[in-house]
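Q: As input, take final-v6.txt (compact mmCIF, C-alpha atoms):
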# COMPACT_ATOMS: atom_id res chain seq x y z
CA MET A 969 120.55 -57.63 -202.63
CA SER A 970 116.91 -57.25 -203.58
CA ASN A 971 115.55 -53.72 -203.99
CA SER A 972 112.05 -54.92 -203.27
CA LEU A 973 110.13 -53.63 -200.24
CA ILE A 974 107.07 -55.79 -200.77
CA ASP A 975 106.70 -59.04 -202.71
CA ILE A 976 103.29 -60.62 -203.06
CA ASN A 977 102.93 -63.97 -204.78
CA SER A 978 99.54 -65.54 -205.59
CA LEU A 979 97.94 -63.95 -202.54
CA LYS A 980 94.43 -64.99 -201.70
CA ILE A 981 92.38 -63.13 -199.07
CA GLU A 982 89.12 -64.44 -197.67
CA ILE A 983 86.90 -62.80 -195.07
CA GLY A 984 84.58 -65.44 -193.67
CA ALA A 985 83.06 -67.22 -196.63
CA THR A 986 83.74 -64.33 -199.00
CA GLU A 987 86.73 -64.51 -201.24
CA LEU A 988 87.93 -60.94 -201.72
CA ILE A 989 91.18 -61.45 -203.58
CA SER A 990 91.62 -64.64 -205.58
CA SER A 991 95.16 -64.30 -206.78
CA LEU A 992 97.40 -61.28 -206.60
CA ASP A 993 101.01 -60.84 -207.62
CA LEU A 994 102.66 -57.56 -206.84
CA SER A 995 106.15 -56.31 -206.31
CA LEU A 996 106.95 -52.88 -204.93
CA ASN A 997 110.52 -51.71 -205.29
CA SER A 998 112.25 -48.95 -203.42
CA ASN A 999 111.39 -45.45 -204.76
CA GLU A 1000 108.56 -46.88 -206.83
CA ARG A 1001 105.04 -45.45 -206.70
CA ILE A 1002 102.23 -47.87 -207.33
CA GLY A 1003 98.53 -47.07 -207.35
CA ILE A 1004 95.69 -49.57 -207.08
CA THR A 1005 92.12 -48.97 -208.17
CA GLY A 1006 89.09 -51.15 -208.73
CA PRO A 1007 85.41 -51.49 -207.89
CA SER A 1008 84.20 -50.84 -204.34
CA GLY A 1009 84.49 -53.91 -202.14
CA CYS A 1010 87.12 -55.62 -204.28
CA GLY A 1011 89.56 -55.77 -201.36
CA LYS A 1012 91.82 -52.76 -201.90
CA THR A 1013 91.62 -51.46 -198.32
CA THR A 1014 91.71 -55.01 -196.97
CA LEU A 1015 94.95 -55.59 -198.87
CA LEU A 1016 96.59 -52.49 -197.39
CA LYS A 1017 95.52 -53.42 -193.87
CA TYR A 1018 96.69 -56.98 -194.42
CA LEU A 1019 100.15 -55.72 -195.37
CA LEU A 1020 100.24 -53.46 -192.31
CA LYS A 1021 99.23 -56.33 -190.07
CA ILE A 1022 102.01 -58.47 -191.51
CA HIS A 1023 104.43 -55.62 -190.82
CA SER A 1024 103.29 -55.42 -187.19
CA GLY A 1025 103.38 -59.19 -186.76
CA LYS A 1026 99.62 -59.55 -186.28
CA GLU A 1027 99.32 -61.61 -189.48
CA ASP A 1028 101.62 -64.09 -191.07
CA SER A 1029 101.68 -65.17 -194.69
CA SER A 1030 104.02 -67.22 -196.81
CA LYS A 1031 102.68 -65.38 -199.85
CA VAL A 1032 103.89 -61.96 -198.75
CA SER A 1033 107.37 -60.84 -197.93
CA LEU A 1034 108.06 -57.43 -196.47
CA LYS A 1035 111.48 -55.91 -196.05
CA LYS A 1036 112.48 -56.03 -192.38
CA GLY A 1037 112.60 -52.82 -190.34
CA LEU A 1038 110.56 -50.75 -192.76
CA SER A 1039 109.06 -47.56 -191.41
CA ILE A 1040 105.61 -47.17 -192.90
CA ALA A 1041 103.43 -44.07 -192.85
CA TYR A 1042 99.87 -45.27 -193.15
CA MET A 1043 97.19 -42.80 -194.19
CA PRO A 1044 93.73 -44.22 -193.55
CA GLN A 1045 90.62 -42.82 -195.25
CA SER A 1046 89.61 -40.35 -192.54
CA GLU A 1047 90.22 -41.38 -188.94
CA GLY A 1048 93.52 -42.38 -187.44
CA LEU A 1049 94.67 -39.39 -185.46
CA LEU A 1050 94.77 -40.07 -181.74
CA PRO A 1051 91.59 -38.41 -180.45
CA TRP A 1052 93.07 -37.44 -177.06
CA PHE A 1053 95.87 -35.37 -178.59
CA SER A 1054 95.80 -32.05 -180.43
CA LEU A 1055 97.11 -32.00 -183.98
CA ILE A 1056 100.54 -30.78 -182.93
CA LYS A 1057 100.80 -33.56 -180.33
CA ASN A 1058 99.72 -36.08 -182.96
CA LEU A 1059 102.56 -34.87 -185.19
CA GLU A 1060 105.01 -35.09 -182.31
CA VAL A 1061 104.12 -38.76 -181.97
CA TYR A 1062 105.74 -39.33 -185.37
CA SER A 1063 108.54 -36.76 -185.33
CA ASN A 1064 110.67 -34.89 -182.82
CA ASN A 1065 111.79 -32.29 -185.34
CA GLN A 1066 109.88 -29.07 -184.62
CA ASP A 1067 111.13 -27.37 -187.79
CA ILE A 1068 109.77 -30.15 -189.98
CA ILE A 1069 106.47 -30.09 -188.09
CA LYS A 1070 106.15 -26.31 -188.42
CA ASN A 1071 107.02 -26.35 -192.10
CA THR A 1072 104.61 -29.21 -192.85
CA LEU A 1073 101.77 -27.47 -191.03
CA GLU A 1074 102.42 -24.32 -193.07
CA GLU A 1075 102.62 -26.14 -196.38
CA LEU A 1076 99.38 -27.97 -195.72
CA GLY A 1077 97.55 -24.87 -194.45
CA LEU A 1078 97.10 -26.27 -190.97
CA GLU A 1079 98.87 -23.62 -188.84
CA ASN A 1080 95.56 -22.48 -187.40
CA ASN A 1081 94.56 -26.03 -186.53
CA LYS A 1082 97.66 -27.04 -184.63
CA TYR A 1083 95.94 -26.93 -181.25
CA SER A 1084 92.69 -28.42 -182.57
CA PHE A 1085 91.62 -31.89 -181.55
CA PRO A 1086 90.62 -34.38 -184.26
CA THR A 1087 86.91 -34.03 -183.47
CA GLN A 1088 87.16 -30.28 -184.04
CA MET A 1089 88.47 -30.62 -187.59
CA SER A 1090 86.52 -30.90 -190.85
CA GLY A 1091 86.90 -33.87 -193.21
CA GLY A 1092 89.35 -32.01 -195.45
CA GLU A 1093 91.38 -30.78 -192.50
CA SER A 1094 91.53 -34.29 -191.03
CA GLN A 1095 92.83 -35.68 -194.31
CA ARG A 1096 95.48 -32.97 -194.51
CA ALA A 1097 96.37 -33.71 -190.89
CA LEU A 1098 96.81 -37.41 -191.74
CA LEU A 1099 99.06 -36.43 -194.63
CA ALA A 1100 101.02 -34.21 -192.25
CA THR A 1101 101.61 -37.10 -189.82
CA ALA A 1102 102.79 -39.22 -192.74
CA ILE A 1103 105.14 -36.57 -194.12
CA VAL A 1104 106.77 -35.61 -190.80
CA SER A 1105 107.61 -39.26 -190.11
CA LYS A 1106 109.82 -39.37 -193.24
CA PRO A 1107 108.97 -43.02 -193.88
CA ASP A 1108 110.49 -45.61 -196.17
CA LEU A 1109 107.02 -46.33 -197.48
CA PHE A 1110 103.78 -44.37 -197.68
CA ILE A 1111 100.67 -46.53 -197.66
CA ALA A 1112 97.65 -44.38 -198.43
CA ASP A 1113 94.02 -45.36 -198.61
CA GLU A 1114 91.81 -42.88 -200.48
CA PRO A 1115 93.77 -39.86 -199.27
CA LEU A 1116 92.67 -36.29 -199.85
CA THR A 1117 89.25 -37.20 -201.29
CA GLU A 1118 87.57 -34.47 -199.26
CA LEU A 1119 89.84 -31.67 -200.37
CA ASP A 1120 88.53 -28.77 -202.40
CA LEU A 1121 89.95 -28.48 -205.90
CA ALA A 1122 91.77 -25.23 -205.11
CA ASN A 1123 93.88 -27.01 -202.50
CA LYS A 1124 94.06 -30.48 -203.98
CA TRP A 1125 96.74 -29.90 -206.61
CA ASN A 1126 98.92 -27.71 -204.39
CA ILE A 1127 98.89 -30.41 -201.75
CA LEU A 1128 99.50 -33.25 -204.20
CA GLU A 1129 102.44 -31.34 -205.65
CA TYR A 1130 103.87 -30.80 -202.16
CA TRP A 1131 103.39 -34.46 -201.29
CA SER A 1132 105.00 -35.59 -204.54
CA LYS A 1133 108.05 -33.40 -203.81
CA GLU A 1134 108.28 -34.74 -200.26
CA ILE A 1135 108.20 -38.36 -201.47
CA SER A 1136 111.08 -37.55 -203.83
CA LYS A 1137 112.97 -35.59 -201.17
CA VAL A 1138 113.09 -38.52 -198.74
CA ASN A 1139 113.49 -41.16 -201.47
CA SER A 1140 110.38 -42.84 -200.29
CA THR A 1141 108.05 -45.36 -201.89
CA LEU A 1142 104.29 -45.11 -202.34
CA LEU A 1143 101.49 -47.64 -202.35
CA LEU A 1144 98.25 -45.80 -202.99
CA VAL A 1145 94.68 -47.04 -203.18
CA SER A 1146 92.16 -44.68 -204.72
CA HIS A 1147 89.09 -44.30 -206.91
CA ASP A 1148 90.37 -40.90 -207.97
CA ILE A 1149 92.13 -41.55 -211.26
CA GLU A 1150 93.55 -38.00 -211.39
CA THR A 1151 95.41 -38.53 -208.12
CA LEU A 1152 96.59 -41.98 -209.25
CA ILE A 1153 98.01 -40.65 -212.52
CA TYR A 1154 99.56 -37.63 -210.85
CA LEU A 1155 101.36 -39.53 -208.11
CA CYS A 1156 102.07 -43.01 -209.45
CA ASP A 1157 104.46 -44.69 -211.86
CA LYS A 1158 102.19 -47.64 -212.29
CA VAL A 1159 98.44 -47.99 -211.81
CA ILE A 1160 97.02 -51.45 -211.23
CA VAL A 1161 93.33 -52.01 -211.97
CA LEU A 1162 91.63 -54.82 -210.05
CA THR A 1163 88.55 -56.74 -211.13
CA ASP A 1164 85.43 -57.09 -208.99
CA LYS A 1165 85.67 -59.64 -206.19
CA PRO A 1166 87.10 -62.20 -206.06
CA SER A 1167 89.59 -59.80 -207.51
CA THR A 1168 92.66 -60.25 -209.55
CA ILE A 1169 94.65 -57.87 -211.71
CA LYS A 1170 92.63 -56.67 -214.68
CA GLY A 1171 95.35 -54.55 -216.19
CA THR A 1172 98.27 -52.23 -215.53
CA MET A 1173 99.12 -48.81 -216.85
CA ASN A 1174 102.55 -47.23 -216.61
CA VAL A 1175 102.89 -43.48 -216.17
CA VAL A 1176 106.27 -42.61 -217.64
CA GLU A 1177 106.94 -39.16 -216.23
CA THR A 1178 109.72 -37.92 -214.01
CA HIS A 1179 109.30 -37.01 -210.36
CA PRO A 1180 108.49 -34.73 -208.71
CA ARG A 1181 105.59 -33.89 -210.95
CA LEU A 1182 104.46 -30.31 -211.01
CA LYS A 1183 100.93 -29.01 -211.27
CA GLU A 1184 101.50 -28.20 -214.94
CA PHE A 1185 101.44 -31.93 -215.63
CA ILE A 1186 97.68 -32.05 -215.13
CA VAL A 1187 97.03 -29.72 -218.06
CA SER A 1188 99.43 -31.49 -220.40
CA ASN A 1189 98.34 -33.66 -223.33
CA ASN A 1190 100.25 -36.57 -221.83
CA TYR A 1191 98.14 -36.37 -218.73
CA LEU A 1192 94.92 -36.43 -220.76
CA ASP A 1193 96.19 -39.43 -222.72
CA TYR A 1194 96.95 -41.31 -219.50
CA LYS A 1195 93.51 -40.43 -218.23
CA SER A 1196 91.80 -41.79 -221.34
CA GLU A 1197 93.89 -44.95 -221.21
CA LEU A 1198 93.08 -45.56 -217.58
CA VAL A 1199 89.34 -44.94 -218.05
CA GLU A 1200 89.40 -47.41 -220.91
CA LEU A 1201 91.24 -49.95 -218.78
CA ILE A 1202 88.79 -49.56 -215.92
CA ASN A 1203 85.71 -49.79 -218.13
CA GLY A 1204 87.05 -52.37 -220.56
CA LYS A 1205 86.07 -56.02 -220.54
CA LEU A 1206 88.58 -58.63 -219.44
CA MET B 973 67.15 -29.58 -133.85
CA ASP B 974 70.57 -29.58 -132.16
CA SER B 975 70.59 -33.32 -132.08
CA LEU B 976 69.90 -33.39 -135.84
CA ILE B 977 72.73 -31.18 -136.89
CA GLN B 978 75.65 -33.49 -136.62
CA PHE B 979 78.53 -32.06 -138.54
CA TYR B 980 80.78 -34.73 -137.16
CA ASP B 981 78.52 -37.38 -138.74
CA ILE B 982 78.81 -35.59 -142.08
CA PHE B 983 82.57 -35.48 -141.69
CA LEU B 984 82.84 -39.18 -140.78
CA SER B 985 80.56 -40.33 -143.60
CA SER B 986 82.45 -38.15 -146.09
CA LEU B 987 85.76 -39.53 -144.87
CA ARG B 988 84.55 -43.14 -145.24
CA TRP B 989 83.18 -42.24 -148.66
CA LEU B 990 86.49 -40.75 -149.77
CA ILE B 991 88.67 -43.59 -148.48
CA GLY B 992 86.30 -46.28 -149.81
CA LEU B 993 86.03 -44.52 -153.17
CA SER B 994 89.80 -44.20 -153.50
CA ILE B 995 90.49 -47.81 -152.59
CA GLY B 996 87.65 -49.09 -154.79
CA CYS B 997 88.85 -47.07 -157.78
CA VAL B 998 92.39 -48.39 -157.43
CA LEU B 999 91.11 -51.97 -157.07
CA GLY B 1000 88.78 -51.60 -160.06
CA LEU B 1001 91.67 -50.27 -162.13
CA PHE B 1002 93.95 -53.06 -160.98
CA PHE B 1003 91.47 -55.84 -161.81
CA ALA B 1004 90.62 -54.28 -165.18
CA ILE B 1005 94.29 -54.20 -166.14
CA LEU B 1006 94.77 -57.71 -164.81
CA GLY B 1007 91.78 -58.85 -166.86
CA SER B 1008 93.17 -57.36 -170.05
CA TYR B 1009 95.85 -60.05 -170.31
CA LYS B 1010 95.15 -62.89 -172.68
CA TYR B 1011 94.85 -65.70 -170.12
CA SER B 1012 93.06 -63.76 -167.38
CA LYS B 1013 90.49 -62.12 -169.68
CA LYS B 1014 87.79 -64.76 -169.47
CA PRO B 1015 88.16 -65.69 -165.77
CA SER B 1016 88.17 -61.99 -164.89
CA LYS B 1017 84.93 -61.41 -166.78
CA ILE B 1018 83.22 -64.40 -165.11
CA ILE B 1019 84.37 -63.38 -161.62
CA ASN B 1020 83.31 -59.77 -162.20
CA ASP B 1021 79.83 -60.75 -163.43
CA PHE B 1022 79.40 -63.14 -160.49
CA LEU B 1023 80.62 -60.82 -157.75
CA ARG B 1024 78.88 -57.64 -158.83
CA ALA B 1025 75.49 -59.36 -158.66
CA ILE B 1026 75.90 -60.01 -154.94
CA PRO B 1027 73.80 -57.39 -153.13
CA ILE B 1028 75.85 -55.15 -150.91
CA ILE B 1029 73.12 -55.07 -148.26
CA GLY B 1030 73.38 -58.86 -148.11
CA LEU B 1031 77.05 -58.54 -147.26
CA VAL B 1032 76.38 -56.47 -144.13
CA PRO B 1033 75.69 -59.44 -141.80
CA VAL B 1034 78.53 -61.38 -143.43
CA ILE B 1035 80.92 -58.56 -142.61
CA GLN B 1036 79.54 -58.29 -139.06
CA MET B 1037 80.01 -62.00 -138.50
CA ASN B 1038 83.41 -62.45 -140.07
CA ILE B 1039 85.21 -59.14 -139.73
CA GLY B 1040 83.35 -57.41 -136.94
CA ILE B 1041 82.07 -53.87 -136.74
CA ASN B 1042 85.37 -52.13 -137.31
CA GLU B 1043 86.25 -49.58 -140.01
CA PHE B 1044 87.97 -52.19 -142.13
CA GLY B 1045 84.64 -53.83 -142.87
CA LYS B 1046 82.76 -50.55 -143.45
CA ILE B 1047 85.29 -49.05 -145.80
CA GLY B 1048 85.78 -52.45 -147.41
CA LEU B 1049 82.08 -52.54 -148.29
CA ILE B 1050 82.24 -49.10 -149.91
CA ALA B 1051 85.37 -50.08 -151.86
CA TRP B 1052 83.66 -53.30 -152.94
CA ALA B 1053 80.67 -51.45 -154.38
CA VAL B 1054 82.82 -48.84 -156.10
CA MET B 1055 85.23 -51.31 -157.64
CA PHE B 1056 82.81 -52.74 -160.20
CA PRO B 1057 81.86 -49.65 -162.24
CA VAL B 1058 85.55 -48.71 -162.47
CA TRP B 1059 86.46 -52.27 -163.42
CA ILE B 1060 83.83 -52.29 -166.16
CA THR B 1061 84.53 -48.84 -167.62
CA VAL B 1062 88.30 -49.38 -167.69
CA ARG B 1063 87.83 -52.82 -169.24
CA THR B 1064 85.48 -51.38 -171.87
CA ALA B 1065 87.92 -48.57 -172.61
CA LEU B 1066 90.81 -51.01 -172.96
CA ASN B 1067 88.77 -53.21 -175.29
CA LYS B 1068 87.85 -50.25 -177.49
CA LYS B 1069 89.95 -50.37 -180.62
CA PHE B 1070 91.01 -47.51 -182.84
CA ASP B 1071 92.07 -49.78 -185.69
CA ASP B 1072 93.48 -47.12 -188.00
CA SER B 1073 95.42 -45.44 -185.20
CA GLU B 1074 96.87 -48.81 -184.19
CA LEU B 1075 97.99 -49.49 -187.76
CA MET B 1076 99.51 -46.01 -188.04
CA LEU B 1077 101.48 -46.51 -184.83
CA SER B 1078 102.68 -50.00 -185.61
CA GLY B 1079 103.54 -48.93 -189.18
CA ALA B 1080 105.83 -46.27 -187.71
CA ASN B 1081 107.36 -48.96 -185.47
CA ILE B 1082 105.93 -47.37 -182.32
CA ILE B 1083 105.76 -50.28 -179.92
CA GLY B 1084 106.43 -51.19 -176.27
CA TYR B 1085 106.43 -48.46 -173.64
CA LYS B 1086 105.94 -45.64 -176.17
CA TYR B 1087 102.85 -47.42 -177.55
CA PHE B 1088 101.51 -47.85 -174.01
CA ARG B 1089 102.15 -44.19 -173.15
CA LEU B 1090 100.63 -42.77 -176.33
CA TYR B 1091 97.79 -45.19 -176.99
CA THR B 1092 96.93 -47.65 -174.23
CA PHE B 1093 97.26 -45.31 -171.25
CA PRO B 1094 95.04 -42.49 -172.61
CA LYS B 1095 92.35 -45.08 -173.45
CA LEU B 1096 92.62 -46.57 -169.98
CA PHE B 1097 92.62 -43.16 -168.32
CA SER B 1098 89.49 -42.08 -170.18
CA GLY B 1099 87.70 -45.22 -168.93
CA PHE B 1100 89.01 -44.60 -165.42
CA LEU B 1101 87.55 -41.08 -165.38
CA ASN B 1102 84.23 -42.43 -166.60
CA GLY B 1103 84.31 -45.07 -163.87
CA ILE B 1104 84.96 -42.50 -161.15
CA GLU B 1105 82.02 -40.42 -162.39
CA ILE B 1106 79.71 -43.42 -161.89
CA ALA B 1107 81.45 -44.57 -158.71
CA ILE B 1108 80.93 -41.24 -156.92
CA GLY B 1109 77.17 -41.85 -156.65
CA ILE B 1110 77.51 -45.55 -155.90
CA ALA B 1111 79.96 -44.81 -153.08
CA TRP B 1112 77.32 -42.70 -151.28
CA LEU B 1113 74.82 -45.56 -151.56
CA ALA B 1114 77.43 -47.89 -150.13
CA VAL B 1115 78.17 -45.55 -147.21
CA VAL B 1116 74.71 -46.36 -145.76
CA ALA B 1117 75.35 -50.08 -146.07
CA GLY B 1118 78.84 -49.64 -144.63
CA GLU B 1119 77.62 -47.68 -141.66
CA TRP B 1120 74.86 -50.21 -141.13
CA VAL B 1121 77.62 -52.62 -140.17
CA GLY B 1122 77.67 -50.73 -136.88
CA THR B 1123 78.83 -47.49 -135.36
CA TYR B 1124 78.87 -48.43 -131.71
CA THR B 1125 82.63 -48.15 -131.62
CA GLN B 1126 84.26 -45.66 -129.33
CA GLY B 1127 86.50 -42.78 -130.33
CA PHE B 1128 87.21 -41.10 -133.62
CA TRP B 1129 85.17 -43.37 -135.89
CA SER B 1130 81.98 -43.33 -133.79
CA GLY B 1131 79.09 -41.93 -135.85
CA GLY B 1132 78.00 -41.36 -139.43
CA LEU B 1133 74.97 -40.27 -141.45
CA GLY B 1134 74.06 -43.82 -142.43
CA TYR B 1135 73.96 -44.84 -138.82
CA LYS B 1136 71.75 -41.85 -138.02
CA LEU B 1137 69.46 -42.72 -140.91
CA ILE B 1138 68.96 -46.28 -139.67
CA LEU B 1139 68.57 -45.05 -136.09
CA GLY B 1140 65.84 -42.68 -137.34
CA TYR B 1141 63.93 -45.64 -138.83
CA GLU B 1142 64.30 -47.64 -135.63
CA LEU B 1143 63.12 -44.73 -133.46
CA ASN B 1144 60.32 -43.87 -135.90
CA ASN B 1145 61.83 -40.39 -136.06
CA TRP B 1146 60.88 -39.35 -139.60
CA GLU B 1147 62.31 -35.87 -139.24
CA MET B 1148 65.70 -37.44 -138.60
CA VAL B 1149 65.27 -39.81 -141.55
CA HIS B 1150 64.33 -37.03 -143.97
CA TYR B 1151 67.08 -34.79 -142.70
CA ASN B 1152 69.74 -37.45 -143.25
CA LEU B 1153 68.40 -38.34 -146.68
CA LEU B 1154 68.54 -34.66 -147.60
CA ILE B 1155 72.15 -34.44 -146.42
CA PHE B 1156 73.05 -37.51 -148.51
CA GLY B 1157 71.47 -35.82 -151.53
CA ILE B 1158 73.39 -32.59 -150.94
CA LEU B 1159 76.67 -34.48 -150.48
CA GLY B 1160 76.05 -36.49 -153.64
CA PHE B 1161 75.23 -33.36 -155.62
CA THR B 1162 78.24 -31.46 -154.28
CA SER B 1163 80.73 -34.27 -154.82
CA ALA B 1164 79.52 -34.93 -158.39
CA HIS B 1165 79.70 -31.23 -159.29
CA LEU B 1166 83.09 -30.81 -157.65
CA TRP B 1167 84.39 -33.76 -159.65
CA ARG B 1168 83.01 -32.35 -162.90
CA PHE B 1169 84.51 -28.97 -162.14
CA ILE B 1170 87.94 -30.52 -161.59
CA ILE B 1171 87.71 -32.52 -164.83
CA LYS B 1172 86.45 -29.59 -166.85
CA THR B 1173 89.26 -27.44 -165.52
CA LEU B 1174 91.95 -30.05 -166.15
CA PHE B 1175 90.77 -30.96 -169.65
CA LYS B 1176 88.98 -27.79 -170.67
CA ASN B 1177 90.41 -27.83 -174.21
CA ASN B 1178 90.42 -31.54 -174.77
CA LYS B 1179 86.74 -32.13 -175.43
CA SER B 1180 87.35 -35.39 -177.27
CA PHE B 1181 89.22 -36.85 -174.33
CA ASN B 1182 86.93 -35.55 -171.62
CA PRO B 1183 83.99 -37.94 -171.35
CA ILE B 1184 82.12 -35.71 -168.94
CA ILE B 1185 82.06 -32.64 -171.15
CA LYS B 1186 80.88 -34.80 -174.05
CA MET B 1187 78.12 -36.28 -171.91
CA ASN B 1188 76.81 -32.85 -170.98
Please express what this file holds, its structure, as structure tokens.
A:
Amino acid sequence: MSNSLIDINSLKIEIGATELISSLDLSLNSNERIGITGPSGCGKTTLLKYLLKIHSGKEDSSKVSLKKGLSIAYMPQSEGLLPWFSLIKNLEVYSNNQDIIKNTLEELGLENNKYSFPTQMSGGESQRALLATAIVSKPDLFIADEPLTELDLANKWNILEYWSKEISKVNSTLLLVSHDIETLIYLCDKVIVLTDKPSTIKGTMNVVETHPRLKEFIVSNNYLDYKSELVELINGKL
Amino acid sequence: MDSLIQFYDIFLSSLRWLIGLSIGCVLGLFFAILGSYKYSKKPSKIINDFLRAIPIIGLVPVIQMNIGINEFGKIGLIAWAVMFPVWITVRTALNKKFDDSELMLSGANIIGYKYFRLYTFPKLFSGFLNGIEIAIGIAWLAVVAGEWVGTYTQGFWSGGLGYKLILGYELNNWEMVHYNLLIFGILGFTSAHLWRFIIKTLFKNNKSFNPIIKMN
């Protein structure tokens, strides 16, 4: 039986007359963590939304196969919480377990925001709230689009470490899109760099480190080596 | 002055207003939901745009001719006028899309009744509240047209501010006209503020959901 959650073969995505993705091959296996980066407008977010639409049956493609019955926690860039519910109610949409909700709120420093409505929260708080909804749902697959970009540095690594542990704890899989190479290296096993549109894969970098990764990883020599390699890959010519 | 102070007229007009408003709101909601289905979307939009352009004053003789001067016609006219703003605001609210929220919900396999309860219904309800806010004022305008249909009936339903207003014009009694206009203004002001008070009390913490608080 295949271990693959997502299989993409020669996928092409066009929006109107614009070809965003010319040919993409990607396979995401269970427990794997893949990051995607590339220039703005190369179709990264469109790809994630396309996959989610296939999952919900709103799109159909012979080029993409998704494992049936997957539960996916999608983390959009900033909005996504239901505006008519407080944070705690938003979390209860995705989980009935009050202990998990309470613990997640504490870990993400959101205890004081639990009765706040989405419009009453700052950008950083909203992003942490989106992560909270994703974590409490204990999904098979996290799909995250530029998560945690508005977090202050003091919180960023604590939260990434917590998230990394939670992904390991529930044996989940991650598909992450980001411009933040530090987050990509910290969380992912493999980082795919896309070209400008019409995009295709420019190169791939493997991050061979065990999970869950601790904060100490970011001050290690290995981490700096990965960072240099990825910068070179992003800036390098095809 | 005794003849001007007609509390019973105020009561009757308010009662017609309330019944017409309630029926109109329910009808507006019903047609908006009906129009949200794939195959009824376009016909519903065309019918709505056609019907709401018909002047309510123009319907008065039609009602008199075809239905008579009973309460059914009067309240029907008020409900007719009220139905359209509710229809439009609910339809607009239903058409509003929170793309990321939808993807989050469908990703977590939240579908069917749970999806309706958590996503569609709050959207619809928000539009419904907005529609009522607009409909409150329109219903008072329609009361005059409704009561113009005729108030020469006997018994409980005999009277109304709109009737008195028109009678004032006919008798060239400008004191009576101004008095009735003033009462309409006071009733409109009171009903709108009462409605806002109820909404603010019910949704005092939920500023994002409460369209009225946001408006103010």
Q: Could you jot down the CA of Glu1177 (chain A) to CA of Leu973 (chain A) separation for me, Å, one decimal place?
A: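 Spanning CA of Glu1177 (chain A) to CA of Leu973 (chain A) is a straight-line distance of 21.8 Å.
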Q: Within 7 Å of chain B, which residues of chain A show up when using only C-alpha atoms, listed as a VMD selection string?
A: chain A and resid 1020 1023 to 1024 1039 to 1042 1044 1047 to 1052 1085 1087
Q: Which residue gives the smallest distance to Tyr1009 (chain B) among B:Leu1066, B:Val1115, B:Ile1110, B:Leu1139, with all atoms listed in the file counted?
A: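 The shortest atom-to-atom distance to Tyr1009 (chain B) comes from B:Leu1066.
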Q: Measuring atom to atom with all atoms listed in the file, identify which of A:Ile1111, A:Asn1139, A:Arg1001, A:Thr1163 is nearest to Val1176 (chain A).
A: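 Closest residue, counting all atoms listed in the file: A:Arg1001.
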Q: So, counting only C-alpha atoms, which residue among A:Cys1010, A:Ile1103, A:Leu1109, A:Ile974 is closest to Asp1164 (chain A)?
A: A:Cys1010
Q: Nearest to Val1159 (chain A) among A:Ile1127, A:Ala1097, A:Ile1135, A:Val1199, with distances taken over all atoms listed in the file: which residue is it?
A: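 Nearest candidate to Val1159 (chain A) out of A:Ile1127, A:Ala1097, A:Ile1135, A:Val1199: A:Val1199.
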Q: What lies within 8 Å of region 1058-1066 of chain A using only C-alpha atoms, ignoring chain neighbours under 2 positions off, as number ranges by chain?
A: A: 1049-1050, 1053-1056, 1068-1070, 1100-1102, 1104-1105; B: 1080, 1090
Q: Name the residues in contact with Thr1061 (chain B) at a cut-off of 7 Å, using all atoms listed in the file, excluding same-chain residues fewer than 3 positions from it; report them as a PyMOL selection string.
A: chain B and resi 1057-1058+1064-1065+1099-1100+1102-1103
Q: Using all atoms listed in the file, pick whichever of B:Phe1088, B:Ile1050, B:Trp1146, B:Leu1174 has the shortest atom-to-atom distance to Gly996 (chain B).
A: B:Ile1050
Q: Calculate how many Å separate CA of Ala1004 (chain B) from CA of Trp1167 (chain B), rounding to one decimal.
A: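 If I compute the distance from CA of Ala1004 (chain B) to CA of Trp1167 (chain B), I get 22.1 Å.
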Q: Mind checking which residues fall within 12 Å of Gly1204 (chain A), counting all atoms listed in the file, ignoring those fewer than 3 positions away in the same chain, and posting them as an MDAnalysis selection string?
A: chainID A and resid 1161:1163 1170:1171 1196:1201
Q: For Val1149 (chain B), which residue out of B:Gly1118, B:Gly1040, B:Gly1134, B:Gly1007 is the nearest one, using all atoms listed in the file?
A: B:Gly1134
Q: If we draw a sphere of 12 Å around (80.3, -51.0, -136.9), which residues have at least one atom in it when counting only C-alpha atoms? Please report them as a PyMOL selection string.
A: chain B and resi 1032-1033+1035-1037+1039-1049+1115-1126+1129-1132+1134-1135
Q: One number please: CA of Cys997 (chain B) to CA of Ser1016 (chain B), in Å, one decimal.
A: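 Computing the Euclidean distance for CA of Cys997 (chain B) and CA of Ser1016 (chain B) yields 16.5 Å.
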Q: Would you pick out the contacts of Trp1125 (chain A) at 12 Å or less, using all atoms listed in the file, so that residues sharing its chain but fewer than 3 positions from it are not included, and give the list as a list in words?
A: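 Listed by chain and then number, they are Leu1076, Leu1116, Thr1117, Leu1119, Asp1120, Leu1121, Ala1122, Leu1128, Glu1129, Tyr1130, Trp1131, Ser1132, Glu1150, Thr1151, Tyr1154, Leu1155, Arg1181, Leu1182, Lys1183, Glu1184, Phe1185, Ile1186 and Val1187 of chain A.
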Q: Centre and edge lengths of an axis-aligned box around all listed atoms of region 1168-1175 of chain B, with 4 Å added on each side, are to be given in Å to one decimal, as AutoDock Vina command-line options.
A:
--center_x 87.5 --center_y -30.0 --center_z -165.6 --size_x 16.9 --size_y 13.1 --size_z 16.1
